[in-house]
>>> print(open('upload37.pdb').read())   # PDB, C-alpha atoms and all ligand atoms
ATOM      1  CA  MET O  26     -92.943 -81.895 -58.658  1.00  0.00           C
ATOM      2  CA  MET O  27     -92.606 -78.131 -58.487  1.00  0.00           C
ATOM      3  CA  ARG O  28     -92.072 -78.327 -54.722  1.00  0.00           C
ATOM      4  CA  LEU O  29     -89.360 -80.909 -55.157  1.00  0.00           C
ATOM      5  CA  ASP O  30     -87.542 -78.637 -57.583  1.00  0.00           C
ATOM      6  CA  LEU O  31     -87.717 -75.758 -55.161  1.00  0.00           C
ATOM      7  CA  LEU O  32     -86.361 -77.994 -52.402  1.00  0.00           C
ATOM      8  CA  GLY O  33     -83.510 -79.049 -54.660  1.00  0.00           C
ATOM      9  CA  ILE O  34     -82.618 -75.453 -55.484  1.00  0.00           C
ATOM     10  CA  SER O  35     -82.662 -74.341 -51.847  1.00  0.00           C
ATOM     11  CA  CYS O  36     -80.496 -77.333 -50.888  1.00  0.00           C
ATOM     12  CA  ALA O  37     -77.977 -76.443 -53.591  1.00  0.00           C
ATOM     13  CA  LEU O  38     -77.978 -72.794 -52.470  1.00  0.00           C
ATOM     14  CA  CYS O  39     -77.422 -73.793 -48.843  1.00  0.00           C
ATOM     15  CA  CYS O  40     -74.466 -75.985 -49.774  1.00  0.00           C
ATOM     16  CA  ALA O  41     -72.942 -73.251 -51.911  1.00  0.00           C
ATOM     17  CA  LEU O  42     -73.279 -70.669 -49.143  1.00  0.00           C
ATOM     18  CA  THR O  43     -71.793 -73.001 -46.541  1.00  0.00           C
ATOM     19  CA  ALA O  44     -68.827 -73.620 -48.815  1.00  0.00           C
ATOM     20  CA  CYS O  45     -68.440 -69.887 -49.181  1.00  0.00           C
ATOM     21  CA  GLU O  46     -68.514 -69.411 -45.413  1.00  0.00           C
ATOM     22  CA  ARG O  47     -65.891 -72.139 -44.989  1.00  0.00           C
ATOM     23  CA  GLN O  48     -63.675 -70.370 -47.517  1.00  0.00           C
ATOM     24  CA  MET O  49     -63.968 -67.152 -45.531  1.00  0.00           C
ATOM     25  CA  LYS O  50     -63.073 -68.883 -42.281  1.00  0.00           C
ATOM     26  CA  ASP O  51     -60.050 -70.381 -44.002  1.00  0.00           C
ATOM     27  CA  MET O  52     -58.932 -66.894 -44.859  1.00  0.00           C
ATOM     28  CA  TYR O  53     -59.194 -65.922 -41.201  1.00  0.00           C
ATOM     29  CA  ARG O  54     -57.081 -68.911 -40.296  1.00  0.00           C
ATOM     30  CA  GLN O  55     -54.324 -68.487 -42.837  1.00  0.00           C
ATOM     31  CA  PRO O  56     -50.807 -69.155 -41.536  1.00  0.00           C
ATOM     32  CA  ARG O  57     -49.150 -66.184 -39.847  1.00  0.00           C
ATOM     33  CA  TYR O  58     -46.849 -65.470 -36.925  1.00  0.00           C
ATOM     34  CA  ASP O  59     -48.005 -64.037 -33.622  1.00  0.00           C
ATOM     35  CA  THR O  60     -45.976 -61.189 -32.158  1.00  0.00           C
ATOM     36  CA  GLY O  61     -42.662 -62.526 -30.894  1.00  0.00           C
ATOM     37  CA  GLU O  62     -43.282 -66.073 -32.143  1.00  0.00           C
ATOM     38  CA  ALA O  63     -40.227 -68.176 -33.087  1.00  0.00           C
ATOM     39  CA  SER O  64     -39.630 -69.073 -36.719  1.00  0.00           C
ATOM     40  CA  PRO O  65     -37.406 -71.745 -38.251  1.00  0.00           C
ATOM     41  CA  LEU O  66     -37.066 -69.565 -41.361  1.00  0.00           C
ATOM     42  CA  PHE O  67     -34.297 -67.364 -39.954  1.00  0.00           C
ATOM     43  CA  PRO O  68     -30.955 -68.337 -38.334  1.00  0.00           C
ATOM     44  CA  ASP O  69     -31.802 -66.342 -35.167  1.00  0.00           C
ATOM     45  CA  THR O  70     -35.235 -68.096 -35.052  1.00  0.00           C
ATOM     46  CA  LYS O  71     -37.054 -64.740 -34.652  1.00  0.00           C
ATOM     47  CA  SER O  72     -40.054 -64.047 -36.851  1.00  0.00           C
ATOM     48  CA  MET O  73     -39.828 -60.336 -35.994  1.00  0.00           C
ATOM     49  CA  ARG O  74     -36.972 -59.056 -38.137  1.00  0.00           C
ATOM     50  CA  PRO O  75     -34.620 -56.307 -37.001  1.00  0.00           C
ATOM     51  CA  PRO O  76     -34.587 -53.160 -39.151  1.00  0.00           C
ATOM     52  CA  PRO O  77     -31.845 -53.118 -41.805  1.00  0.00           C
ATOM     53  CA  GLU O  78     -28.482 -51.758 -40.676  1.00  0.00           C
ATOM     54  CA  GLY O  79     -28.313 -47.965 -40.765  1.00  0.00           C
ATOM     55  CA  SER O  80     -32.082 -47.511 -40.363  1.00  0.00           C
ATOM     56  CA  VAL O  81     -33.066 -44.397 -38.463  1.00  0.00           C
ATOM     57  CA  PRO O  82     -36.146 -44.715 -36.236  1.00  0.00           C
ATOM     58  CA  ALA O  83     -38.838 -42.436 -37.598  1.00  0.00           C
ATOM     59  CA  ALA O  84     -41.409 -42.956 -34.841  1.00  0.00           C
ATOM     60  CA  ILE O  85     -41.896 -40.055 -32.498  1.00  0.00           C
ATOM     61  CA  GLY O  86     -44.180 -39.339 -29.614  1.00  0.00           C
ATOM     62  CA  GLU O  87     -44.388 -40.203 -25.957  1.00  0.00           C
ATOM     63  CA  ARG O  88     -43.884 -43.926 -26.355  1.00  0.00           C
ATOM     64  CA  SER O  89     -41.424 -44.079 -29.241  1.00  0.00           C
ATOM     65  CA  ALA O  90     -37.918 -45.522 -29.066  1.00  0.00           C
ATOM     66  CA  THR O  91     -38.198 -47.498 -25.800  1.00  0.00           C
ATOM     67  CA  SER O  92     -40.940 -49.361 -24.029  1.00  0.00           C
ATOM     68  CA  SER O  93     -40.355 -47.121 -20.992  1.00  0.00           C
ATOM     69  CA  GLY O  94     -41.174 -44.139 -23.168  1.00  0.00           C
ATOM     70  CA  ARG O  95     -37.951 -42.377 -22.126  1.00  0.00           C
ATOM     71  CA  GLY O  96     -36.570 -42.121 -25.659  1.00  0.00           C
ATOM     72  CA  GLY O  97     -39.733 -40.503 -26.904  1.00  0.00           C
ATOM     73  CA  ARG O  98     -39.771 -37.942 -24.108  1.00  0.00           C
ATOM     74  CA  GLU O  99     -36.121 -37.039 -24.668  1.00  0.00           C
ATOM     75  CA  GLU O 100     -36.755 -36.658 -28.337  1.00  0.00           C
ATOM     76  CA  LEU O 101     -39.774 -34.479 -27.685  1.00  0.00           C
ATOM     77  CA  ALA O 102     -37.785 -32.279 -25.294  1.00  0.00           C
ATOM     78  CA  ALA O 103     -35.012 -31.898 -27.880  1.00  0.00           C
ATOM     79  CA  ARG O 104     -37.619 -30.950 -30.451  1.00  0.00           C
ATOM     80  CA  GLU O 105     -39.180 -28.377 -28.135  1.00  0.00           C
ATOM     81  CA  ILE O 106     -35.770 -26.721 -27.827  1.00  0.00           C
ATOM     82  CA  ALA O 107     -35.200 -26.842 -31.602  1.00  0.00           C
ATOM     83  CA  ASN O 108     -38.665 -25.376 -32.204  1.00  0.00           C
ATOM     84  CA  ALA O 109     -38.220 -22.584 -29.690  1.00  0.00           C
ATOM     85  CA  ALA O 110     -34.774 -21.701 -31.046  1.00  0.00           C
ATOM     86  CA  SER O 111     -35.902 -21.614 -34.656  1.00  0.00           C
ATOM     87  CA  GLY O 112     -37.280 -18.483 -36.230  1.00  0.00           C
ATOM     88  CA  PRO O 113     -38.289 -17.185 -39.634  1.00  0.00           C
ATOM     89  CA  ALA O 114     -35.456 -17.168 -42.166  1.00  0.00           C
ATOM     90  CA  PRO O 115     -34.844 -14.081 -44.314  1.00  0.00           C
ATOM     91  CA  MET O 116     -37.308 -14.002 -47.203  1.00  0.00           C
ATOM     92  CA  THR O 117     -35.705 -15.170 -50.447  1.00  0.00           C
ATOM     93  CA  LEU O 118     -37.073 -16.609 -53.666  1.00  0.00           C
ATOM     94  CA  ALA O 119     -35.445 -19.954 -52.790  1.00  0.00           C
ATOM     95  CA  LEU O 120     -37.250 -19.988 -49.418  1.00  0.00           C
ATOM     96  CA  LEU O 121     -40.578 -19.248 -51.082  1.00  0.00           C
ATOM     97  CA  LYS O 122     -40.050 -21.974 -53.674  1.00  0.00           C
ATOM     98  CA  ARG O 123     -39.198 -24.472 -50.958  1.00  0.00           C
ATOM     99  CA  GLY O 124     -42.272 -23.340 -49.043  1.00  0.00           C
ATOM    100  CA  GLN O 125     -44.458 -23.709 -52.109  1.00  0.00           C
ATOM    101  CA  GLU O 126     -43.164 -27.218 -52.712  1.00  0.00           C
ATOM    102  CA  ARG O 127     -43.672 -28.336 -49.086  1.00  0.00           C
ATOM    103  CA  TYR O 128     -47.063 -26.604 -48.939  1.00  0.00           C
ATOM    104  CA  SER O 129     -48.165 -28.449 -52.082  1.00  0.00           C
ATOM    105  CA  ILE O 130     -47.194 -31.770 -50.536  1.00  0.00           C
ATOM    106  CA  TYR O 131     -48.503 -31.341 -46.998  1.00  0.00           C
ATOM    107  CA  CYS O 132     -51.131 -28.608 -46.872  1.00  0.00           C
ATOM    108  CA  LEU O 133     -52.684 -28.231 -50.312  1.00  0.00           C
ATOM    109  CA  PRO O 134     -54.702 -31.474 -50.044  1.00  0.00           C
ATOM    110  CA  CYS O 135     -56.965 -29.745 -47.508  1.00  0.00           C
ATOM    111  CA  HIS O 136     -56.208 -26.023 -47.683  1.00  0.00           C
ATOM    112  CA  SER O 137     -56.173 -25.945 -51.546  1.00  0.00           C
ATOM    113  CA  ALA O 138     -53.659 -24.322 -53.868  1.00  0.00           C
ATOM    114  CA  LEU O 139     -55.249 -20.927 -53.140  1.00  0.00           C
ATOM    115  CA  GLY O 140     -55.384 -21.359 -49.370  1.00  0.00           C
ATOM    116  CA  ASP O 141     -59.161 -20.955 -49.272  1.00  0.00           C
ATOM    117  CA  GLY O 142     -59.745 -24.335 -47.574  1.00  0.00           C
ATOM    118  CA  ASP O 143     -61.362 -26.026 -50.559  1.00  0.00           C
ATOM    119  CA  GLY O 144     -58.756 -28.749 -51.141  1.00  0.00           C
ATOM    120  CA  PRO O 145     -59.463 -32.136 -52.746  1.00  0.00           C
ATOM    121  CA  VAL O 146     -59.594 -33.939 -49.371  1.00  0.00           C
ATOM    122  CA  VAL O 147     -62.188 -31.458 -48.109  1.00  0.00           C
ATOM    123  CA  ARG O 148     -64.241 -31.957 -51.256  1.00  0.00           C
ATOM    124  CA  ARG O 149     -64.363 -35.625 -50.315  1.00  0.00           C
ATOM    125  CA  GLY O 150     -65.719 -34.943 -46.859  1.00  0.00           C
ATOM    126  CA  PHE O 151     -62.919 -33.866 -44.479  1.00  0.00           C
ATOM    127  CA  PRO O 152     -63.926 -30.929 -42.241  1.00  0.00           C
ATOM    128  CA  ARG O 153     -63.270 -27.647 -44.005  1.00  0.00           C
ATOM    129  CA  PRO O 154     -60.414 -25.533 -42.610  1.00  0.00           C
ATOM    130  CA  PRO O 155     -60.778 -21.766 -42.398  1.00  0.00           C
ATOM    131  CA  SER O 156     -59.524 -19.746 -45.366  1.00  0.00           C
ATOM    132  CA  TYR O 157     -56.068 -18.173 -44.923  1.00  0.00           C
ATOM    133  CA  HIS O 158     -57.625 -15.061 -46.396  1.00  0.00           C
ATOM    134  CA  GLU O 159     -59.948 -14.366 -43.518  1.00  0.00           C
ATOM    135  CA  GLN O 160     -58.996 -11.298 -41.518  1.00  0.00           C
ATOM    136  CA  ARG O 161     -58.191 -13.197 -38.321  1.00  0.00           C
ATOM    137  CA  LEU O 162     -55.551 -15.325 -40.089  1.00  0.00           C
ATOM    138  CA  ARG O 163     -54.206 -12.350 -42.042  1.00  0.00           C
ATOM    139  CA  ASP O 164     -53.590 -10.656 -38.704  1.00  0.00           C
ATOM    140  CA  ALA O 165     -52.193 -13.774 -36.980  1.00  0.00           C
ATOM    141  CA  PRO O 166     -48.433 -13.705 -36.306  1.00  0.00           C
ATOM    142  CA  ASP O 167     -46.051 -16.005 -38.240  1.00  0.00           C
ATOM    143  CA  ARG O 168     -45.497 -18.007 -35.070  1.00  0.00           C
ATOM    144  CA  HIS O 169     -49.179 -19.013 -34.999  1.00  0.00           C
ATOM    145  CA  PHE O 170     -48.803 -20.789 -38.373  1.00  0.00           C
ATOM    146  CA  PHE O 171     -45.565 -22.409 -37.225  1.00  0.00           C
ATOM    147  CA  ASP O 172     -47.252 -23.640 -34.038  1.00  0.00           C
ATOM    148  CA  VAL O 173     -50.288 -25.001 -35.922  1.00  0.00           C
ATOM    149  CA  ILE O 174     -47.961 -27.031 -38.185  1.00  0.00           C
ATOM    150  CA  THR O 175     -45.975 -28.229 -35.151  1.00  0.00           C
ATOM    151  CA  ASN O 176     -48.823 -29.117 -32.801  1.00  0.00           C
ATOM    152  CA  GLY O 177     -51.876 -29.465 -35.034  1.00  0.00           C
ATOM    153  CA  TYR O 178     -55.055 -27.495 -34.445  1.00  0.00           C
ATOM    154  CA  GLY O 179     -58.498 -28.901 -33.632  1.00  0.00           C
ATOM    155  CA  VAL O 180     -59.115 -31.759 -36.042  1.00  0.00           C
ATOM    156  CA  MET O 181     -55.929 -30.985 -37.990  1.00  0.00           C
ATOM    157  CA  TYR O 182     -53.192 -33.329 -36.888  1.00  0.00           C
ATOM    158  CA  PRO O 183     -49.606 -32.216 -36.161  1.00  0.00           C
ATOM    159  CA  TYR O 184     -46.875 -32.280 -38.812  1.00  0.00           C
ATOM    160  CA  ALA O 185     -43.804 -31.980 -36.571  1.00  0.00           C
ATOM    161  CA  ASP O 186     -42.650 -35.509 -37.403  1.00  0.00           C
ATOM    162  CA  ARG O 187     -42.718 -34.851 -41.150  1.00  0.00           C
ATOM    163  CA  ILE O 188     -41.734 -31.212 -41.564  1.00  0.00           C
ATOM    164  CA  THR O 189     -38.486 -29.817 -40.129  1.00  0.00           C
ATOM    165  CA  PRO O 190     -38.616 -26.445 -38.320  1.00  0.00           C
ATOM    166  CA  GLU O 191     -36.803 -24.811 -41.293  1.00  0.00           C
ATOM    167  CA  ASP O 192     -39.366 -26.168 -43.718  1.00  0.00           C
ATOM    168  CA  ARG O 193     -42.203 -25.050 -41.442  1.00  0.00           C
ATOM    169  CA  TRP O 194     -40.903 -21.478 -41.687  1.00  0.00           C
ATOM    170  CA  ALA O 195     -40.621 -21.856 -45.471  1.00  0.00           C
ATOM    171  CA  ILE O 196     -44.290 -22.914 -45.562  1.00  0.00           C
ATOM    172  CA  VAL O 197     -45.238 -19.949 -43.354  1.00  0.00           C
ATOM    173  CA  ALA O 198     -43.447 -17.620 -45.814  1.00  0.00           C
ATOM    174  CA  TYR O 199     -45.391 -19.175 -48.667  1.00  0.00           C
ATOM    175  CA  ILE O 200     -48.714 -18.804 -46.838  1.00  0.00           C
ATOM    176  CA  ARG O 201     -47.864 -15.111 -46.336  1.00  0.00           C
ATOM    177  CA  ALA O 202     -47.308 -14.861 -50.102  1.00  0.00           C
ATOM    178  CA  LEU O 203     -50.665 -16.552 -50.720  1.00  0.00           C
ATOM    179  CA  GLN O 204     -52.366 -14.075 -48.389  1.00  0.00           C
ATOM    180  CA  LEU O 205     -50.670 -11.170 -50.131  1.00  0.00           C
ATOM    181  CA  SER O 206     -51.778 -12.496 -53.510  1.00  0.00           C
ATOM    182  CA  ARG O 207     -55.394 -11.752 -52.571  1.00  0.00           C
ATOM    183  CA  ASN O 208     -54.972  -8.599 -50.559  1.00  0.00           C
ATOM    184  CA  VAL O 209     -52.294  -6.359 -51.956  1.00  0.00           C
ATOM    185  CA  LYS O 210     -52.817  -2.625 -52.252  1.00  0.00           C
ATOM    186  CA  THR O 211     -51.938  -1.391 -55.747  1.00  0.00           C
ATOM    187  CA  ALA O 212     -50.028   1.547 -54.289  1.00  0.00           C
ATOM    188  CA  SER O 213     -47.636  -0.808 -52.459  1.00  0.00           C
ATOM    189  CA  LEU O 214     -46.616  -2.607 -55.681  1.00  0.00           C
ATOM    190  CA  PRO O 215     -43.365  -1.833 -57.493  1.00  0.00           C
ATOM    191  CA  ALA O 216     -43.832   0.442 -60.543  1.00  0.00           C
ATOM    192  CA  ASP O 217     -43.663  -2.299 -63.189  1.00  0.00           C
ATOM    193  CA  ALA O 218     -46.205  -4.457 -61.329  1.00  0.00           C
ATOM    194  CA  ARG O 219     -48.479  -1.380 -61.006  1.00  0.00           C
ATOM    195  CA  ARG O 220     -48.290  -0.919 -64.773  1.00  0.00           C
ATOM    196  CA  GLN O 221     -49.137  -4.596 -65.343  1.00  0.00           C
ATOM    197  CA  ARG O 222     -52.039  -4.280 -62.918  1.00  0.00           C
ATOM    198  CA  ALA O 223     -53.324  -1.187 -64.707  1.00  0.00           C
ATOM    199  CA  ALA O 224     -53.266  -3.082 -68.020  1.00  0.00           C
ATOM    200  CA  LEU O 225     -55.524  -5.851 -66.652  1.00  0.00           C
ATOM    201  CA  PRO O 226     -59.140  -5.846 -67.882  1.00  0.00           C
ATOM    202  CA  GLY O 227     -61.365  -3.964 -65.470  1.00  0.00           C
ATOM    203  CA  ALA O 228     -58.369  -2.646 -63.510  1.00  0.00           C
ATOM    204  CA  SER O 229     -59.533   0.972 -63.394  1.00  0.00           C
ATOM    205  CA  GLY O 230     -62.772   0.119 -61.597  1.00  0.00           C
ATOM    206  CA  ALA O 231     -61.011  -2.182 -59.133  1.00  0.00           C
ATOM    207  CA  ALA O 232     -58.147   0.163 -58.227  1.00  0.00           C
ATOM    208  CA  ARG O 233     -57.514   0.136 -54.478  1.00  0.00           C
TER
HETATM  209  C1  LIG O 301     -56.096 -33.325 -43.652  1.00  0.00           C
HETATM  210  C2  LIG O 301     -56.447 -31.961 -43.873  1.00  0.00           C
HETATM  211  C3  LIG O 301     -55.460 -30.887 -43.493  1.00  0.00           C
HETATM  212  C4  LIG O 301     -54.155 -30.785 -43.872  1.00  0.00           C
HETATM  213  C5  LIG O 301     -53.363 -31.730 -44.761  1.00  0.00           C
HETATM  214  C6  LIG O 301     -53.663 -29.562 -43.273  1.00  0.00           C
HETATM  215  N1  LIG O 301     -54.656 -28.959 -42.566  1.00  0.00           N
HETATM  216 FE1  LIG O 301     -54.549 -27.176 -41.629  1.00  0.00          FE
HETATM  217  N2  LIG O 301     -56.455 -27.387 -40.978  1.00  0.00           N
HETATM  218  C7  LIG O 301     -57.300 -28.419 -41.312  1.00  0.00           C
HETATM  219  C8  LIG O 301     -58.574 -28.243 -40.646  1.00  0.00           C
HETATM  220  C9  LIG O 301     -59.783 -29.153 -40.787  1.00  0.00           C
HETATM  221  C10 LIG O 301     -58.457 -27.071 -39.880  1.00  0.00           C
HETATM  222  C11 LIG O 301     -59.513 -26.507 -38.927  1.00  0.00           C
HETATM  223  C12 LIG O 301     -59.309 -27.232 -37.617  1.00  0.00           C
HETATM  224  C13 LIG O 301     -60.328 -26.909 -36.560  1.00  0.00           C
HETATM  225  O1  LIG O 301     -60.693 -25.714 -36.443  1.00  0.00           O
HETATM  226  O2  LIG O 301     -60.728 -27.835 -35.841  1.00  0.00           O
HETATM  227  C14 LIG O 301     -57.122 -26.546 -40.140  1.00  0.00           C
HETATM  228  C15 LIG O 301     -56.661 -25.360 -39.621  1.00  0.00           C
HETATM  229  C16 LIG O 301     -55.473 -24.765 -39.993  1.00  0.00           C
HETATM  230  C17 LIG O 301     -55.081 -23.422 -39.643  1.00  0.00           C
HETATM  231  C18 LIG O 301     -55.952 -22.379 -38.922  1.00  0.00           C
HETATM  232  C19 LIG O 301     -55.726 -22.341 -37.451  1.00  0.00           C
HETATM  233  C20 LIG O 301     -56.634 -21.272 -36.838  1.00  0.00           C
HETATM  234  O3  LIG O 301     -56.104 -20.399 -36.126  1.00  0.00           O
HETATM  235  O4  LIG O 301     -57.850 -21.302 -37.097  1.00  0.00           O
HETATM  236  C21 LIG O 301     -53.845 -23.218 -40.177  1.00  0.00           C
HETATM  237  C22 LIG O 301     -53.012 -21.950 -40.069  1.00  0.00           C
HETATM  238  C23 LIG O 301     -53.451 -24.428 -40.841  1.00  0.00           C
HETATM  239  N3  LIG O 301     -54.475 -25.344 -40.722  1.00  0.00           N
HETATM  240  C24 LIG O 301     -52.264 -24.620 -41.497  1.00  0.00           C
HETATM  241  C25 LIG O 301     -51.905 -25.801 -42.153  1.00  0.00           C
HETATM  242  C26 LIG O 301     -50.639 -26.006 -42.781  1.00  0.00           C
HETATM  243  C27 LIG O 301     -49.542 -24.985 -42.859  1.00  0.00           C
HETATM  244  C28 LIG O 301     -50.651 -27.265 -43.299  1.00  0.00           C
HETATM  245  C29 LIG O 301     -49.535 -27.995 -44.003  1.00  0.00           C
HETATM  246  C30 LIG O 301     -48.317 -28.143 -43.255  1.00  0.00           C
HETATM  247  C31 LIG O 301     -51.956 -27.842 -43.004  1.00  0.00           C
HETATM  248  N4  LIG O 301     -52.674 -26.918 -42.301  1.00  0.00           N
HETATM  249  C32 LIG O 301     -52.365 -29.101 -43.398  1.00  0.00           C
HETATM  250  C33 LIG O 301     -57.012 -29.474 -42.143  1.00  0.00           C
HETATM  251  C34 LIG O 301     -55.777 -29.743 -42.685  1.00  0.00           C
END
>>> encode(input="upload37.pdb", output="structure tokens")
Amino acid sequence: MMRLDLLGISCALCCALTACERQMKDMYRQPRYDTGEASPLFPDTKSMRPPPEGSVPAAIGERSATSSGRGGREELAAREIANAASGPAPMTLALLKRGQERYSIYCLPCHSALGDGDGPVVRRGFPRPPSYHEQRLRDAPDRHFFDVITNGYGVMYPYADRITPEDRWAIVAYIRALQLSRNVKTASLPADARRQRAALPGASGAAR
């Protein structure tokens, strides 16, 4: 009797699992169009829809724009020229604010708000970037930061398709401000900032 029950239960389980498997297969086989397949749904019978009028292609890279790759190469060459011609803009508060905003969007997730490389994405397992406050990066020229944003660096991917050359320079200016925030000599501060610094707790012992 007991054995019969067991048999019944295993039979029921088997049936249930098979049904489940069939359901999964049905999901694999749900109706969809293959690339380039015709469709009666649209007057031009194409299932692949053209982009809405006025759309600007955002894809970049060697193979963008045309299947021959020519468009992508031309675009890259034009960008090279734009990159080479661009240079740091004069430092203004507006430039720094723009840089801070762009930095917060594009760089902070890994490099952190302080620039020490402990951003939220890194805390979840992405390789840790070097701190902007290490001597080598303090000494690096502005152009190095611009080039890293443009071309990527090691495991860091490039940002040229998302950040215009002007905005890259704004970010560089902001990174310089971040670096300064950790490494400024008291003597180089304006008088009112020196007074504020002197009023900070423990300032006398830390005077540099
Ligand atoms: C997805 C994470 C991530 C984001 C977002 C990111 N980076 Fe990085 N970055 C890295 C990692 C990781 C490295 C170290 C790469 C390596 O050494 O392989 C790095 C390295 C760098 C370096 C150091 C290059 C050197 O000489 O060692 C600079 C400068 C830099 N990033 C700037 C930026 C700027 C500016 C942005 C925003 C426009 C940015 N990064 C966005 C992950 C990121």
>>> residues_around(input="upload37.pdb", residues="Gly142 (chain O)", least_positions_apart="3", cutoff="9 Å", atoms="only C-alpha atoms", output="PyMOL selection string")
chain O and resi 133+135-139+147+153-157
>>> closest_atom_pairs(input="upload37.pdb", of="chain O", to="ligand LIG 301 (chain O)", cutoff="8 Å", atoms="all atoms listed in the file", output="Markdown table")
| residue | atom | partner | partner_atom | distance |
| --- | --- | --- | --- | --- |
| O:Arg127 | CA | O:LIG301 | C30 | 7.5 |
| O:Tyr128 | CA | O:LIG301 | C29 | 5.7 |
| O:Ile130 | CA | O:LIG301 | C29 | 7.9 |
| O:Tyr131 | CA | O:LIG301 | C29 | 4.6 |
| O:Cys132 | CA | O:LIG301 | C29 | 3.3 |
| O:Leu133 | CA | O:LIG301 | C5 | 6.6 |
| O:Pro134 | CA | O:LIG301 | C5 | 5.5 |
| O:Cys135 | CA | O:LIG301 | C2 | 4.3 |
| O:His136 | CA | O:LIG301 | N1 | 6.1 |
| O:Gly142 | CA | O:LIG301 | C7 | 7.9 |
| O:Val146 | CA | O:LIG301 | C2 | 6.6 |
| O:Val147 | CA | O:LIG301 | C2 | 7.2 |
| O:Phe151 | CA | O:LIG301 | C9 | 6.8 |
| O:Pro152 | CA | O:LIG301 | C9 | 4.7 |
| O:Arg153 | CA | O:LIG301 | C9 | 5.0 |
| O:Pro154 | CA | O:LIG301 | C10 | 3.7 |
| O:Pro155 | CA | O:LIG301 | C18 | 6.0 |
| O:Ser156 | CA | O:LIG301 | C18 | 7.8 |
| O:Tyr157 | CA | O:LIG301 | C22 | 6.9 |
| O:Arg161 | CA | O:LIG301 | O3 | 7.8 |
| O:Leu162 | CA | O:LIG301 | O3 | 6.5 |
| O:Ala165 | CA | O:LIG301 | O3 | 7.7 |
| O:His169 | CA | O:LIG301 | C22 | 7.0 |
| O:Phe170 | CA | O:LIG301 | C22 | 4.7 |
| O:Phe171 | CA | O:LIG301 | C27 | 7.4 |
| O:Val173 | CA | O:LIG301 | C22 | 5.8 |
| O:Ile174 | CA | O:LIG301 | C30 | 5.2 |
| O:Gly177 | CA | O:LIG301 | FE1 | 7.5 |
| O:Tyr178 | CA | O:LIG301 | C12 | 5.3 |
| O:Gly179 | CA | O:LIG301 | O2 | 3.3 |
| O:Val180 | CA | O:LIG301 | O2 | 4.2 |
| O:Met181 | CA | O:LIG301 | C7 | 4.4 |
| O:Tyr182 | CA | O:LIG301 | C34 | 7.3 |
| O:Tyr184 | CA | O:LIG301 | C30 | 6.2 |
| O:Ile188 | CA | O:LIG301 | C30 | 7.5 |
| O:Arg193 | CA | O:LIG301 | C30 | 7.1 |
| O:Ile196 | CA | O:LIG301 | C27 | 6.3 |
| O:Val197 | CA | O:LIG301 | C27 | 6.6 |
| O:Ile200 | CA | O:LIG301 | C27 | 7.4 |
>>> residues_around(input="upload37.pdb", residues="Ser111 (chain O)", least_positions_apart="4", cutoff="12 Å", atoms="all atoms listed in the file", output="PyMOL selection string")
chain O and resi 104-107+168+171-172+189-195
>>> atom_distance(input="upload37.pdb", atom1="CA of Met116 (chain O)", atom2="CA of Asp167 (chain O)")
12.7 Å
>>> atom_distance(input="upload37.pdb", atom1="CA of Arg54 (chain O)", atom2="CA of Leu66 (chain O)")
20.1 Å
>>> closest_residue(input="upload37.pdb", among="O:Asp30, O:Asp141, O:Ala185, O:Tyr199", to="Lys122 (chain O)", atoms="all atoms listed in the file")
O:Tyr199
>>> residues_around(input="upload37.pdb", residues="Ser72 (chain O)", least_positions_apart="6", cutoff="7 Å", atoms="all atoms listed in the file", output="list of chain:residue names")
O:Tyr58, O:Gly61, O:Glu62, O:Ala63, O:Ser64
>>> closest_residue(input="upload37.pdb", among="O:Gln55, O:Ser213, O:Thr60, O:Gln204", to="Gln160 (chain O)", atoms="all atoms listed in the file")
O:Gln204
>>> atom_distance(input="upload37.pdb", atom1="CA of Glu126 (chain O)", atom2="CA of Ala198 (chain O)")
11.8 Å
